[in-house]
Structure formats: structure tokens, C-alpha cells
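Trainee: For reference, the file run.csv (CSV, C-alpha atoms and all ligand atoms) is included below:
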```csv
chain,number,residue,atom,x,y,z
D,29,MET,CA,162.1,132.6,72.7
D,30,GLU,CA,165.7,132.8,73.9
D,31,VAL,CA,167.8,130.4,71.8
D,32,VAL,CA,171.2,129.8,73.2
D,33,PRO,CA,173.7,127.9,71.1
D,34,LEU,CA,176.5,126.5,73.3
D,35,ASP,CA,179.8,124.8,72.6
D,36,SER,CA,179.2,121.4,74.2
D,37,GLU,CA,176.8,119.2,76.1
D,38,SER,CA,178.6,120.1,79.3
D,39,ALA,CA,178.1,123.8,78.6
D,40,VAL,CA,174.3,123.1,78.3
D,41,ALA,CA,174.3,121.3,81.7
D,42,ASP,CA,176.4,124.1,83.3
D,43,MET,CA,174.1,126.9,82.1
D,44,ALA,CA,170.9,124.9,83.0
D,45,ALA,CA,172.3,124.2,86.5
D,46,GLY,CA,173.2,127.9,86.8
D,47,LEU,CA,169.6,129.0,86.0
D,48,LEU,CA,168.2,126.4,88.4
D,49,THR,CA,170.7,127.5,91.1
D,50,ALA,CA,169.7,131.1,90.7
D,51,LEU,CA,166.0,130.2,90.9
D,52,VAL,CA,166.3,128.1,94.1
D,53,SER,CA,168.5,130.8,95.7
D,54,ARG,CA,165.7,133.3,95.1
D,55,ARG,CA,163.0,130.9,96.0
D,56,PRO,CA,164.0,128.0,98.3
D,57,ASP,CA,160.5,126.5,97.9
D,58,ALA,CA,160.5,126.7,94.1
D,59,VAL,CA,158.2,124.4,92.2
D,60,LEU,CA,160.3,122.6,89.5
D,61,GLY,CA,158.9,120.7,86.6
D,62,VAL,CA,161.2,117.8,85.9
D,63,ALA,CA,161.8,115.9,82.6
D,64,THR,CA,163.3,112.5,82.5
D,65,GLY,CA,165.3,111.0,79.6
D,66,ARG,CA,169.0,111.2,79.0
D,67,THR,CA,169.3,114.9,78.2
D,68,PRO,CA,168.8,116.5,81.6
D,69,GLN,CA,170.8,113.9,83.6
D,70,ARG,CA,174.0,116.0,83.5
D,71,THR,CA,172.1,119.1,84.6
D,72,TYR,CA,170.7,117.3,87.6
D,73,ALA,CA,174.2,116.0,88.5
D,74,GLU,CA,175.7,119.5,88.1
D,75,LEU,CA,172.9,121.1,90.2
D,76,ALA,CA,173.5,118.5,93.0
D,77,ARG,CA,177.3,119.2,92.8
D,78,ARG,CA,176.8,123.0,93.1
D,79,ALA,CA,174.3,122.7,95.9
D,80,SER,CA,176.5,120.5,98.0
D,81,GLY,CA,179.6,122.6,97.2
D,82,ALA,CA,177.8,125.7,98.4
D,83,GLY,CA,176.2,123.9,101.4
D,84,ARG,CA,172.8,124.9,100.1
D,85,SER,CA,169.8,122.8,101.1
D,86,LEU,CA,167.2,122.1,98.4
D,87,ALA,CA,164.9,120.4,100.8
D,88,GLY,CA,162.2,123.0,100.3
D,89,VAL,CA,162.0,122.5,96.5
D,90,ARG,CA,158.9,120.6,95.1
D,91,LEU,CA,159.2,118.5,92.0
D,92,PHE,CA,156.4,117.7,89.5
D,93,LEU,CA,156.9,115.1,86.8
D,94,LEU,CA,156.0,115.7,83.2
D,95,ASP,CA,154.8,112.2,82.4
D,96,GLU,CA,154.6,108.6,83.3
D,97,TYR,CA,154.3,105.2,81.6
D,98,VAL,CA,150.9,103.4,82.0
D,99,GLY,CA,150.9,99.7,83.1
D,100,LEU,CA,154.2,99.4,84.9
D,101,ALA,CA,154.2,97.8,88.4
D,102,GLU,CA,154.5,100.2,91.3
D,103,GLY,CA,158.2,101.0,91.9
D,104,ASP,CA,159.3,99.6,88.5
D,105,PRO,CA,162.8,101.2,88.2
D,106,ALA,CA,162.0,102.3,84.6
D,107,GLY,CA,159.0,104.2,85.8
D,108,TYR,CA,159.5,108.0,85.7
D,109,LEU,CA,158.5,108.4,89.4
D,110,ALA,CA,161.1,105.9,90.4
D,111,THR,CA,163.6,107.5,88.1
D,112,VAL,CA,163.1,111.0,89.4
D,113,LEU,CA,163.2,109.8,93.1
D,114,ARG,CA,166.5,108.0,92.4
D,115,GLU,CA,168.2,110.4,89.9
D,116,VAL,CA,166.9,113.8,91.0
D,117,ALA,CA,165.3,113.9,94.4
D,118,GLU,CA,167.7,111.7,96.3
D,119,PRO,CA,171.0,113.4,95.0
D,120,LEU,CA,169.4,116.8,95.6
D,121,GLY,CA,168.2,115.9,99.1
D,122,ILE,CA,164.5,116.4,98.3
D,123,SER,CA,162.1,114.3,100.3
D,124,PRO,CA,159.8,111.9,98.4
D,125,ASP,CA,156.9,113.8,99.9
D,126,HIS,CA,157.9,116.7,97.7
D,127,VAL,CA,157.8,114.6,94.5
D,128,HIS,CA,154.6,114.5,92.5
D,129,GLY,CA,153.8,112.6,89.4
D,130,PRO,CA,150.7,111.7,87.4
D,131,ASP,CA,149.2,108.4,88.7
D,132,PRO,CA,148.3,106.2,85.7
D,133,SER,CA,146.7,103.5,88.0
D,134,ARG,CA,143.7,105.7,88.6
D,135,LEU,CA,142.9,107.2,85.2
D,136,PRO,CA,140.9,109.1,84.3
D,137,GLU,CA,140.3,110.8,87.7
D,138,SER,CA,144.0,111.1,88.4
D,139,ALA,CA,144.5,113.3,85.3
D,140,GLU,CA,142.3,116.1,86.7
D,141,GLU,CA,143.7,115.6,90.2
D,142,TYR,CA,147.3,116.1,88.8
D,143,GLU,CA,146.3,119.4,87.2
D,144,ARG,CA,144.8,120.4,90.6
D,145,ALA,CA,147.9,119.4,92.5
D,146,ILE,CA,150.0,121.6,90.2
D,147,SER,CA,147.8,124.6,90.7
D,148,ASP,CA,147.5,124.0,94.4
D,149,ALA,CA,151.3,124.2,94.6
D,150,GLY,CA,151.0,127.6,93.0
D,151,GLY,CA,151.9,126.5,89.5
D,152,ILE,CA,155.3,125.5,88.1
D,153,ASP,CA,158.1,128.1,88.4
D,154,LEU,CA,160.4,126.5,85.9
D,155,GLN,CA,159.7,123.5,83.7
D,156,ILE,CA,162.7,121.6,82.4
D,157,LEU,CA,162.0,120.0,79.0
D,158,GLY,CA,163.7,117.6,76.6
D,159,ILE,CA,162.5,117.1,73.1
D,160,GLY,CA,161.7,113.9,71.3
D,161,SER,CA,163.4,113.2,67.9
D,162,ASP,CA,159.8,113.5,66.5
D,163,GLY,CA,159.3,116.8,68.2
D,164,HIS,CA,157.3,115.5,71.2
D,165,LEU,CA,157.2,117.4,74.4
D,166,GLY,CA,156.6,115.4,77.6
D,167,PHE,CA,154.9,112.6,75.8
D,168,ASN,CA,152.7,114.8,73.6
D,169,GLU,CA,153.3,113.1,70.3
D,170,PRO,CA,152.8,114.8,66.9
D,171,GLY,CA,149.1,115.5,66.5
D,172,SER,CA,148.6,116.5,70.1
D,173,SER,CA,146.2,119.4,70.7
D,174,LEU,CA,148.2,122.5,71.4
D,175,THR,CA,145.8,123.3,74.3
D,176,SER,CA,145.7,119.7,75.7
D,177,ARG,CA,145.7,118.9,79.5
D,178,THR,CA,147.0,115.9,81.4
D,179,ARG,CA,145.7,112.7,79.9
D,180,ILE,CA,146.5,109.3,78.5
D,181,LYS,CA,148.4,109.1,75.1
D,182,THR,CA,149.7,106.4,72.8
D,183,LEU,CA,153.4,106.4,71.9
D,184,THR,CA,154.6,106.4,68.3
D,185,ARG,CA,156.8,103.5,67.1
D,186,ARG,CA,159.7,106.0,66.9
D,187,THR,CA,159.4,107.1,70.5
D,188,ARG,CA,159.2,103.5,71.7
D,189,ALA,CA,162.3,102.7,69.7
D,190,ASP,CA,164.1,105.8,71.1
D,191,ASN,CA,163.3,104.7,74.7
D,192,SER,CA,164.0,101.0,74.3
D,193,ALA,CA,167.3,101.2,76.0
D,194,PHE,CA,165.5,102.0,79.3
D,195,PHE,CA,163.6,98.6,78.9
D,196,PRO,CA,166.3,96.0,78.2
D,197,GLY,CA,164.8,92.6,77.4
D,198,ARG,CA,161.2,93.9,77.5
D,199,GLU,CA,158.7,95.9,75.5
D,200,VAL,CA,158.4,99.7,76.0
D,201,PRO,CA,154.9,100.4,77.2
D,202,ARG,CA,152.5,101.7,74.5
D,203,HIS,CA,150.6,104.1,76.7
D,204,VAL,CA,151.6,107.0,78.9
D,205,MET,CA,150.1,109.7,80.9
D,206,THR,CA,151.5,113.2,80.2
D,207,GLN,CA,150.9,116.8,81.1
D,208,GLY,CA,149.2,118.4,78.1
D,209,LEU,CA,150.8,121.1,76.0
D,210,GLY,CA,148.3,123.6,77.5
D,211,THR,CA,149.5,122.4,81.0
D,212,ILE,CA,153.1,122.8,80.1
D,213,LEU,CA,152.5,126.3,78.7
D,214,GLU,CA,151.3,127.5,82.1
D,215,ALA,CA,154.7,127.1,83.7
D,216,ARG,CA,156.3,130.5,84.3
D,217,HIS,CA,159.6,129.6,82.6
D,218,LEU,CA,160.2,126.8,80.1
D,219,LEU,CA,163.8,125.5,79.8
D,220,LEU,CA,164.3,123.2,76.9
D,221,LEU,CA,167.5,121.3,76.7
D,222,ALA,CA,168.6,119.5,73.5
D,223,THR,CA,171.9,117.8,72.7
D,224,GLY,CA,173.1,115.7,69.8
D,225,GLU,CA,172.4,115.6,66.1
D,226,SER,CA,169.5,113.3,66.5
D,227,LYS,CA,167.6,116.3,67.8
D,228,ALA,CA,168.6,118.8,65.1
D,229,ASP,CA,165.5,118.4,62.9
D,230,ALA,CA,163.1,118.5,65.8
D,231,VAL,CA,164.8,121.6,67.2
D,232,ALA,CA,164.7,123.4,63.9
D,233,ALA,CA,161.0,122.6,63.4
D,234,ALA,CA,160.2,123.7,67.0
D,235,VAL,CA,162.2,126.9,66.9
D,236,GLU,CA,161.9,128.0,63.2
D,237,GLY,CA,159.1,126.0,61.8
D,238,PRO,CA,155.4,126.9,61.9
D,239,LEU,CA,153.4,126.6,65.1
D,240,SER,CA,151.9,123.2,64.5
D,241,ALA,CA,150.6,120.1,66.2
D,242,SER,CA,152.8,118.2,63.9
D,243,CYS,CA,155.7,119.5,66.0
D,244,PRO,CA,154.4,119.7,69.5
D,245,ALA,CA,157.5,121.4,70.8
D,246,SER,CA,156.6,124.4,68.5
D,247,VAL,CA,154.2,125.5,71.3
D,248,LEU,CA,157.3,127.0,72.9
D,249,GLN,CA,156.8,129.8,70.4
D,250,LEU,CA,153.6,130.8,72.3
D,251,HIS,CA,155.3,131.1,75.7
D,252,PRO,CA,156.5,134.5,76.9
D,253,HIS,CA,159.6,133.1,78.6
D,254,ALA,CA,161.1,130.1,76.9
D,255,THR,CA,164.8,129.4,76.9
D,256,VAL,CA,166.3,126.8,74.6
D,257,LEU,CA,169.9,125.6,75.4
D,258,LEU,CA,171.5,123.7,72.5
D,259,ASP,CA,174.8,121.9,71.9
D,260,PRO,CA,176.3,122.2,68.4
D,261,GLY,CA,174.7,118.9,67.2
D,262,ALA,CA,171.2,119.9,68.2
D,263,ALA,CA,171.7,123.5,66.8
D,264,ARG,CA,172.9,122.2,63.4
D,265,GLY,CA,169.6,122.6,61.5
D,266,LEU,CA,168.9,126.2,62.6
D,267,ARG,CA,169.1,128.8,59.8
D,268,ARG,CA,169.5,131.8,62.1
D,269,LEU,CA,172.2,130.4,64.3
D,270,ASP,CA,174.5,133.4,64.0
D,271,ASP,CA,171.7,135.7,65.0
D,272,TYR,CA,170.9,133.7,68.1
D,273,ARG,CA,174.6,133.6,69.1
D,274,GLU,CA,174.9,137.4,68.7
D,275,THR,CA,171.7,138.2,70.5
D,276,TRP,CA,172.7,136.0,73.5
D,277,ALA,CA,176.2,137.5,73.6
D,278,GLY,CA,174.7,141.0,73.7
D,279,LYS,CA,172.4,140.3,76.6
D,280,PRO,CA,173.2,142.0,79.9
D,281,GLU,CA,173.9,139.6,82.8
D,282,TRP,CA,170.7,140.5,84.6
D,283,GLN,CA,168.5,139.5,81.7
D,284,ARG,CA,170.0,136.0,81.5
D,285,ASP,CA,167.6,134.1,83.8
Q,301,LIG,C1,161.1,111.1,76.5
Q,301,LIG,C2,160.3,111.8,77.6
Q,301,LIG,C3,160.6,113.3,77.5
Q,301,LIG,C4,162.0,113.5,77.1
Q,301,LIG,C5,162.2,113.1,75.7
Q,301,LIG,C6,163.6,113.1,75.2
Q,301,LIG,O1,160.3,110.1,75.8
Q,301,LIG,N1,159.0,111.5,77.8
Q,301,LIG,O2,160.2,113.9,78.7
Q,301,LIG,O3,162.3,114.9,77.2
Q,301,LIG,O4,161.6,111.8,75.4
Q,301,LIG,O5,164.4,112.1,75.8
Q,301,LIG,P1,166.0,112.0,75.8
Q,301,LIG,O6,166.4,113.2,76.6
Q,301,LIG,O7,166.3,110.7,76.4
Q,301,LIG,O8,166.4,112.2,74.4
```
Could you show the structure in this file as C-alpha cells?
Mentor:
Amino acid sequence: MEVVPLDSESAVADMAAGLLTALVSRRPDAVLGVATGRTPQRTYAELARRASGAGRSLAGVRLFLLDEYVGLAEGDPAGYLATVLREVAEPLGISPDHVHGPDPSRLPESAEEYERAISDAGGIDLQILGIGSDGHLGFNEPGSSLTSRTRIKTLTRRTRADNSAFFPGREVPRHVMTQGLGTILEARHLLLLATGESKADAVAAAVEGPLSASCPASVLQLHPHATVLLDPGAARGLRRLDDYRETWAGKPEWQRD
């Protein structure tokens, strides 16, 4: 795992946008796994800014969502498909036909279909990930099987409280459909972004704790190419912070993506 402690939240967005820009330059039809939530918003904005500044079209890129709420009306603006269309695809100039998400209205068949859609696309080149304050990845809450596939899950009270700002005046759904941890592990490159002190304990458990379903994000330890970009708040609980800094600083440029 490459752990990269950075100086600020904007440095996290800059580096993530740099990695994504390098990928889409190499592979204009790259398959990107996209996370929702607050953390990657600056990265998407920075990627859009760079692409338009360079006159680069991202129209060939295909997007696959990590997860979706169950029970929302089609097109509900808080739904993750609507969010990705609005906040990622549109600013990047990616057509809605290139955006795929799990369909909770047709469970359980749609779970297997989503797995198939990902593999028919050739698998995910790079999966952007955030981390829940309880260590969840996608919506794989603590206790999720480390080899799980796309399926329905129940949210914890903590996650529903963390996401309540996206549902002003109404309840956060209790159920979700999410790629499993086994699904996520099949992406060729995992890019976890974490910012703010509220993520410090989860990041420390994921990076330095034991591999355990109690911290679903600890599955990153099993992946051959996982990059973790952290701002100072999110990196606060790490015991080996200086080692990570030194290792990253010593890496030659060509090894950085
Ligand atoms: C949400 C999403 C995740 C996201 C995480 C962190 O519930 N399902 O995909 O990465 O929790 O969200 P945020 O970035 O808003 O802290």
C-alpha cells in the first residue's frame, strides 16, 4: 500500500486529479470506479478543470458507481446515480450512456447483472474510494465479508447520521446496494482519499490495524496496488507517518502512478 501524507485537502485533490489525468491520457476509454460523498468532490472539480484547460475530451471514459440507496424515487437528487450524473459526468463531458450504477429497483437479479456489467467493460482500471468514519468502504459496513459481492446492505446508525446532510428534512434510507469488498478488490488500482480528523481513526485502523471485517477498509492491505492520499487531519492517527513521508519522497517520478 502506498500511503501518501499530504499538506492539505487541496493537495489531496491535486494529486488525485493528477493520477486520473495520467490514466485517461494513457487510456482515453478508461473504466473509472467513482465514489460519492464529500471527499472526492474537489478531485472531480480539479479533473474537470485540467481536462478543459488542456482541451482534452473525456467522452470515452466509462464510469461505474460503488453503491446506491434502496427505495428512493427514480431521479431523486440525493440518489448516487443522479449525483454522479450531475457532479461528475456532466462537468467531465461524459455521456449518461457511459454511467453505470447498481439498480436497487430490481434486486436481487440486478446485483449479479451489475457484476457482469463491470466485467463486460473489462473491469475497473481505477477505483476512487472514500472511507466512512466507521471504516466502511462503498457501503460495506463493519462485519461485511471480505470477499463479498454486490448485494443489499443495511446502514449503521452512524453512517445514516454522517449522511444526513444529504437528506435535509427527511430520513436517510436504511438500505443500500453496494459493490462488495471482493468486487472492489478486483479493480486494478484502488485510490482511497481521506480528509479531516473525523477519518483519522478509520484510516489508522485500515492502514495499520489488522485485516478485519470490523474495519472493511482494511481490505486495501490485500490489494497489490492501493494508493492512500491523506490530508494532515486524516493522517493524524498513523504511527508510521514519518516512514510514509520518507518513502513517498524517495520514489522516482515514474513509480508514482
Ligand atoms: C458514504 C459512501 C462512500 C463514501 C463514504 C465517505 O456513505 N457510500 O462511498 O466514500 O461514505 O463519505 P464522505 O466522503 O462524505 O465522508
Trainee: Enumerate, in order of chain and increasing residue number, the residues of segment 113-180 of chain D with an atom no farther than 6 Å from segment 237-256 of chain D, each with its shortest atom pair and distance in Å to one decimal, counting only C-alpha atoms, as CSV.
Mentor:
```
residue,atom,partner,partner_atom,distance
D:Gly163,CA,D:Cys243,CA,5.0
D:His164,CA,D:Pro244,CA,5.4
D:Leu165,CA,D:Ala245,CA,5.4
D:Pro170,CA,D:Ser242,CA,4.5
D:Gly171,CA,D:Ala241,CA,4.8
D:Ser172,CA,D:Ala241,CA,5.7
```
Trainee: Kindly indicate which residue among D:Ile180, D:Leu93, D:Ala234, D:Ala117 lies nearest to ligand LIG 301 (chain Q), using all atoms listed in the file for the distances.
Mentor: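 Residue with the minimum atom-to-atom distance to ligand LIG 301 (chain Q): D:Leu93.
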Trainee: Please give me, as a PyMOL selection string, the residues lying within 7 Å of ligand LIG 301 (chain Q) when counting all atoms listed in the file.
Mentor: chain D and resi 63-68+94-95+157-160+165-167+187+191
Trainee: List every protein, DNA or RNA residue with an atom no more than 10 Å from (143.5, 122.5, 73.9) in the file's coordinates, counting all atoms listed in the file, and format the result as a PDB file with C-alpha atoms, in the frame of the given file.
Mentor:
```pdb
ATOM      1  CA  SER D 172     148.600 116.500  70.100  1.00  0.00           C
ATOM      2  CA  SER D 173     146.200 119.400  70.700  1.00  0.00           C
ATOM      3  CA  LEU D 174     148.200 122.500  71.400  1.00  0.00           C
ATOM      4  CA  THR D 175     145.800 123.300  74.300  1.00  0.00           C
ATOM      5  CA  SER D 176     145.700 119.700  75.700  1.00  0.00           C
ATOM      6  CA  ARG D 177     145.700 118.900  79.500  1.00  0.00           C
ATOM      7  CA  GLY D 208     149.200 118.400  78.100  1.00  0.00           C
ATOM      8  CA  LEU D 209     150.800 121.100  76.000  1.00  0.00           C
ATOM      9  CA  GLY D 210     148.300 123.600  77.500  1.00  0.00           C
ATOM     10  CA  THR D 211     149.500 122.400  81.000  1.00  0.00           C
TER      11      THR D 211
END
```
Trainee: Counting all atoms listed in the file, find residues at most 7 Å from (153.5, 104.4, 83.9) (file frame) and give them as an MDAnalysis selection string.
Mentor: chainID D and resid 96:100 107 132 204:205
Trainee: Under the rule that all atoms listed in the file are counted, which of D:Leu75, D:Val116, D:Leu266, D:Ala222 is the nearest residue to Glu37 of chain D?
Mentor: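 Result for the nearest residue to Glu37 of chain D: D:Ala222.
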Trainee: Would you list the contacts of Glu274 of chain D as a PyMOL selection string, taking every protein, DNA or RNA residue within 12 Å and counting all atoms listed in the file, but skipping same-chain residues closer than 3 positions in sequence?
Mentor: chain D and resi 30-34+268-271+277-279
Trainee: For Leu213 of chain D, which of D:Gly151, D:Pro196, D:Pro56, D:Pro119 is the closest residue, counting only C-alpha atoms?
Mentor: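 So, comparing all the options, the nearest one is D:Gly151.
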Trainee: Can you work out which one of D:Val59, D:Leu120, D:Ala230, D:Ala106 has the shortest atom-to-atom distance to Gly83 of chain D, counting only C-alpha atoms?
Mentor: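 Smallest distance to Gly83 of chain D is found for D:Leu120.
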Trainee: I'd like the interatomic distance between atom CA of Gln155 of chain D and atom CA of Leu218 of chain D, to a tenth of an Å.
Mentor: 4.9 Å
Trainee: Return the single residue from D:Glu137, D:Arg273, D:Tyr72, D:Asp35 that is closest to Thr223 of chain D, with distances computed using all atoms listed in the file.
Mentor: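 Distance minimum relative to Thr223 of chain D lands on D:Asp35.
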Trainee: To one decimal place, how far is atom CA of Val112 of chain D from atom CA of Leu60 of chain D in Å?
Mentor: 11.9 Å
Trainee: Just the number, please: distance in Å from atom CA of Asp190 of chain D to atom CA of Leu220 of chain D, one decimal.
Mentor: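 One can read the atom CA of Asp190 of chain D to atom CA of Leu220 of chain D distance as 18.3 Å.
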Trainee: My list of candidates is D:Ala232, D:Ala41, D:Met29, D:Ile212. Which is closest to Glu143 of chain D when distances are computed with only C-alpha atoms?
Mentor: D:Ile212
Trainee: Need the shell around Arg264 of chain D: protein/DNA/RNA residues with any atom at most 9 Å away, counting only C-alpha atoms. Skip same-chain ones fewer than 2 positions apart. Format as a list in words?
Mentor: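 Everything that qualifies: Glu225, Ala228, Asp229, Val231, Ala232, Asp259, Pro260, Gly261, Ala262, Leu266, Arg267 and Leu269 of chain D.
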